[in-house]
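Student: Structure provided below as structure tokens; questions to follow.
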Amino acid sequence: MKVTMQVNGAERTGDVEPRVLLVDFLRTNLALTGTHVGCDTTSCGACTVLLDGEPVKSCTLLAVQVDGREIKTVEGLAQGATLSPLQIGFHEEHGLQCGFCTPGMMLVGTALLEHNPNPTDEQIRWAISGNICRCTGYMNIVKAIQHAARLQQAAVPAGGVK
Amino acid sequence: MFPAAFDYRAPATLDEALGVLKERGDDAKVMAGGQSLIPLLKLRFAQPALVLDIGRLPAMNQIARSDGHLSIGALVRHVDVEHDLELAKQTPILGEAAHWIADPLVRNRGTVVGSVCHADPAGDWGSVMLALGAELVARSASGERVIPVAGFFQDPFTTTLKPDEIVTAIRIPISSGRAGGAYNKLERKVGDFATVAVAVQVEMDGRKVTRAGIGLTSVGPTNIKATQAEKALVGRELTDETIREAARLAAEAANPKDDIRGSAAYKKDVVRVFVQRGLHTALGRAQEVKA
């Protein structure tokens with residue numbers, strides 16, 4: 001089947017069997033290997049991407065279901081050489097150890113700050129509760145998201161619209 | 001891991017979808033959010049010849065209120081219920097249950113109706129809908145019928161839905177008087193299935209219970225409606241004594257198995273505790289509602 005979707009702002013097409021999972025389409029057909037396959041059983045969140053701005057598990061989604069919709073992967077976070085606030089946060093606060101869960105964590109963080117620019121600790125922990133860090137580096141992941149929130153707040157004048 | 005090959009259709013209208021099921025319903029699976037079906041396809045526990053994706057059908061993602069009912073469309077996701085503030089005030093058990101389903105990523109895709117139709121005995125919505133006395137609206141090419149959730153579940157992953165039917169919505173009666181409910185769930189970690197969970201919903205006239213619903217999760221081959229416990233409450237006041245008695249009867253209705261999440265005896269006792277806890281919460285909530 002023919003599929004067409006916006007991936008990181010660019011239109012991408014492919015010809016796939018209906019059984020092809022989105023994560024495999026991204027990694028194999030589009031060579032976007034920043035989206036990881038962890039558990040492959042809907043448990044770990046390593047394959048998280050944003051579907052129309054919302055975090056979802058791309059191992060539990062068929063590529064054909066995404067036809068006509070919009071995907072953002074970790075490759076879409078930076079603008080050229082400029083890192084996104086989440087990426088800066090993870091860099092500054094040492095929000096990663098092995099790095100395997102990091103793309104998913106940063107995408108979940110991006111979506112969280114989009115609708116909740118100033119989340120509490122509890123809200124951050126709840127937002128990342130579907131993403132497993134097997135290095136158990138959660139403390140710094142939370143700090144990294146807080147750091148990104150502060151960066152975004154500083155970039156927006158008080159009362160301004162993001 | 002990837003599924004065995006299947007044909008895929010994503011109709012743009014309900015009539016087209018029902019036409020497909022009329023022809024091929026016997027070897028088809030209907031998919032909404034896919035959060036239960038896709039894992040089954042990947043493990044090859046399910047190998048349908050056709051996956052009918054209803055995700056593109058229009059106007060099914062609505063939560064509507066009319067003539068004493070709340071109607072949740074087939075494409076309403078767990079997250080939609082979780083974040084509906086009006087719903088949280090009116091029927092708190094719904095948002096409470098949604099909040100504890102799987103994890104935030106799964107809740108962004110999975111649907112309420114899909115979960116009920118999947119009929120996993122560890123599914124949360126089945127018990128909630130039993131407690132609320134909900135009904136499913138099922139459509140086929142030959143018409144529409146209404147199926148009470150009580151009686152819908154036959155066995156694990158098996159319901160009375162016919163192969164040519166699509167559930168278009170679930171209808172929940174909304175009490176005009178004082179009502180309250182609660183969903184208590186014990187899980188080992190985020191995303192795990194319930195070790196045990198209990199849904200309770202009561203309607204009150206003054207201090208007396210006029211209707212009671214109790215649904216049990218993960219303690220039998222299906223979600224269980226604790227009928228004896230419900231009967232023991234109707235016409236009574238919710239005192240410590242009547243609550244204790246209902247909790248005892250609900251624990252008797254549970255038929256759990258020993259597994260890695262706990263022993264059968266432990267799970268039965270959790271049912272007892274959760275019925276008590278849930279009824280106390282439900283009573284408090286019913287008293288908050290302005291009659």
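FYI, nothing fancy with the structure tokens labels: chains A, B, ... in order, residues from 1 per chain, ligands from 1 as they appear.
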Residues of stretch 9-151 of chain A classed as helix (DSSP H, G or I) by DSSP on the backbone are to be reported as a PyMOL selection string.
Tutor: chain A and resi 22-29+58-60+63-66+74-76+85-92+102-115+121-127+138-151
Student: Per residue of stretch 62-82 of chain B within 12 Å of stretch 102-105 of chain B, note the shortest atom pair and the distance in Å to one decimal, counting only C-alpha atoms, and order the rows by chain and increasing residue number, as a Markdown table.
Tutor:
```
| residue | atom | partner | partner_atom | distance |
| --- | --- | --- | --- | --- |
| B:Arg77 | CA | B:Pro104 | CA | 11.2 |
| B:His78 | CA | B:Pro104 | CA | 9.1 |
| B:Val79 | CA | B:Pro104 | CA | 7.7 |
| B:Asp80 | CA | B:Pro104 | CA | 11.4 |
| B:Glu82 | CA | B:Pro104 | CA | 10.2 |
```
Student: May I have the residues within 9 Å of A:Leu22 as a PyMOL selection string, using only C-alpha atoms and disregarding those fewer than 4 positions away in the same chain?
Tutor: chain A and resi 26-27+57-66
Student: Those residues you just picked out, can you put them in a file as a compact mmCIF listing (two decimals), in the first residue's frame with C-alpha atoms?
Tutor:
```
# COMPACT_ATOMS: atom_id res chain seq x y z
CA LEU A 26 10.93 4.93 9.98
CA ARG A 27 14.09 2.94 10.60
CA LYS A 57 4.60 3.97 20.67
CA SER A 58 5.63 3.45 17.06
CA CYS A 59 6.02 -0.31 17.64
CA THR A 60 2.27 -0.46 18.27
CA LEU A 61 1.12 1.46 15.24
CA LEU A 62 0.97 0.36 11.62
CA ALA A 63 2.60 2.63 9.04
CA VAL A 64 -0.66 2.55 7.06
CA GLN A 65 -2.56 3.99 10.05
CA VAL A 66 -0.39 7.11 9.82
```
Student: Please list as a ChimeraX atom specification every residue within 12 Å of B:Phe193, counting only C-alpha atoms and excluding residues in the same chain fewer than 2 positions away.
Tutor: /A:43 /B:100-103,120-124,185-191,195-197,217-219,260-261
Student: I'd like the contact shell of B:Ala46 - 9 Å cut-off, only C-alpha atoms, skipping same-chain residues fewer than 5 positions apart - returned as a list in words.
Tutor: Pro3, Ala4, Lys29, Leu37, Ile38, Leu40 and Leu41 of chain B
Student: Residues as selected, C-alpha atoms, written as a compact mmCIF listing (two decimals), in the first residue's frame, can you do that?
Tutor:
```
# COMPACT_ATOMS: atom_id res chain seq x y z
CA PRO B 3 2.37 -9.61 12.37
CA ALA B 4 1.46 -12.30 9.85
CA LYS B 29 -10.76 -8.11 13.26
CA LEU B 37 -4.90 -5.84 18.82
CA ILE B 38 -1.48 -4.92 17.42
CA LEU B 40 -1.75 -9.74 19.68
CA LEU B 41 -1.01 -9.60 15.94
```
Student: Please find the residues of chain A near chain B - the criterion being any atom within 6 Å, counting only C-alpha atoms - and write them as a list in words.
Tutor: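 Selected residues: Arg19, Pro55, Val56, Thr60 and Gly130 of chain A.
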Student: Write the residues of the preceding selection, restricted to N, CA and C atoms, as a short mmCIF file (atom, residue, chain, number, x, y, z; two decimals), in the first residue's frame.
Tutor:
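As a result, again.cif now contains:
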```
data_model
loop_
_atom_site.label_atom_id
_atom_site.label_comp_id
_atom_site.auth_asym_id
_atom_site.auth_seq_id
_atom_site.Cartn_x
_atom_site.Cartn_y
_atom_site.Cartn_z
N ARG A 19 1.15 -4.84 7.25
CA ARG A 19 1.65 -5.30 8.54
C ARG A 19 2.91 -4.58 9.00
N PRO A 55 2.68 11.97 22.01
CA PRO A 55 3.59 10.82 22.06
C PRO A 55 2.84 9.49 21.96
N VAL A 56 3.33 8.62 21.11
CA VAL A 56 2.76 7.28 20.93
C VAL A 56 3.91 6.30 20.72
N THR A 60 3.64 -0.01 18.09
CA THR A 60 2.27 -0.46 18.27
C THR A 60 1.34 0.37 17.39
N GLY A 130 5.49 6.10 31.00
CA GLY A 130 5.44 5.03 30.00
C GLY A 130 6.79 4.78 29.34
#
```
Student: Between B:Ala194, B:Ala264, B:Ala131, B:Ile170, which is the closest to B:Val116 once you count only C-alpha atoms?
Tutor: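 Among B:Ala194, B:Ala264, B:Ala131, B:Ile170, it is B:Ile170 that comes nearest to B:Val116.
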Student: Using only C-alpha atoms, which residue out of A:Leu32, A:Val7, A:Met1, A:Ala144 lies closest to A:Arg125?
Tutor: A:Ala144
Student: Ranking A:Lys143, A:His91, A:His36, A:Arg69 by minimum distance to A:Gly104 and counting only C-alpha atoms, which one comes first?
Tutor: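 Once distances to A:Gly104 are computed over only C-alpha atoms, the minimum belongs to A:His36.
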Student: Neighbouring residues of A:Cys101 were defined as those with any atom within 9 Å, considering only C-alpha atoms; residues of the same chain fewer than 3 positions away were excluded. Please report them as a list in words.
Tutor: His36, Gly38, Cys44, Gly45, Ala46, Cys47, Leu96, Cys98, Gly104, Met105, Met106, Asn131, Ile132, Cys133 and Arg134 of chain A
Student: Could those residues be written to a file, using N, CA and C atoms, as a compact mmCIF listing (two decimals), in the first residue's frame?
Tutor:
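Writing the result to selection_12.txt gives the following:
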```
# COMPACT_ATOMS: atom_id res chain seq x y z
N HIS A 36 14.21 4.14 18.50
CA HIS A 36 14.77 2.84 18.88
C HIS A 36 13.71 1.77 19.05
N GLY A 38 13.04 -1.10 21.57
CA GLY A 38 13.49 -1.62 22.85
C GLY A 38 12.88 -2.97 23.11
N CYS A 44 8.09 -0.29 26.81
CA CYS A 44 9.27 0.48 27.26
C CYS A 44 9.33 1.92 26.77
N GLY A 45 8.68 2.25 25.65
CA GLY A 45 8.68 3.64 25.19
C GLY A 45 9.92 4.08 24.42
N ALA A 46 10.87 3.17 24.14
CA ALA A 46 12.07 3.56 23.39
C ALA A 46 11.71 3.98 21.97
N CYS A 47 10.59 3.50 21.46
CA CYS A 47 10.17 3.78 20.09
C CYS A 47 9.23 4.97 20.00
N LEU A 96 21.25 11.60 30.42
CA LEU A 96 21.35 10.26 29.80
C LEU A 96 22.61 9.56 30.24
N CYS A 98 23.28 5.53 29.00
CA CYS A 98 23.56 4.79 27.76
C CYS A 98 22.92 5.45 26.55
N GLY A 104 13.05 8.87 23.11
CA GLY A 104 11.67 8.79 23.61
C GLY A 104 11.44 9.78 24.74
N MET A 105 12.38 9.85 25.67
CA MET A 105 12.25 10.76 26.81
C MET A 105 12.16 12.21 26.32
N MET A 106 13.00 12.57 25.34
CA MET A 106 13.00 13.96 24.86
C MET A 106 11.70 14.28 24.13
N ASN A 131 7.81 5.48 29.80
CA ASN A 131 9.14 5.35 29.19
C ASN A 131 10.11 4.82 30.23
N ILE A 132 10.77 3.72 29.90
CA ILE A 132 11.66 3.09 30.87
C ILE A 132 13.11 3.47 30.57
N CYS A 133 13.82 3.88 31.63
CA CYS A 133 15.27 4.10 31.53
C CYS A 133 15.94 2.98 32.29
N ARG A 134 16.57 2.05 31.57
CA ARG A 134 17.10 0.88 32.26
C ARG A 134 18.41 1.19 32.99
```
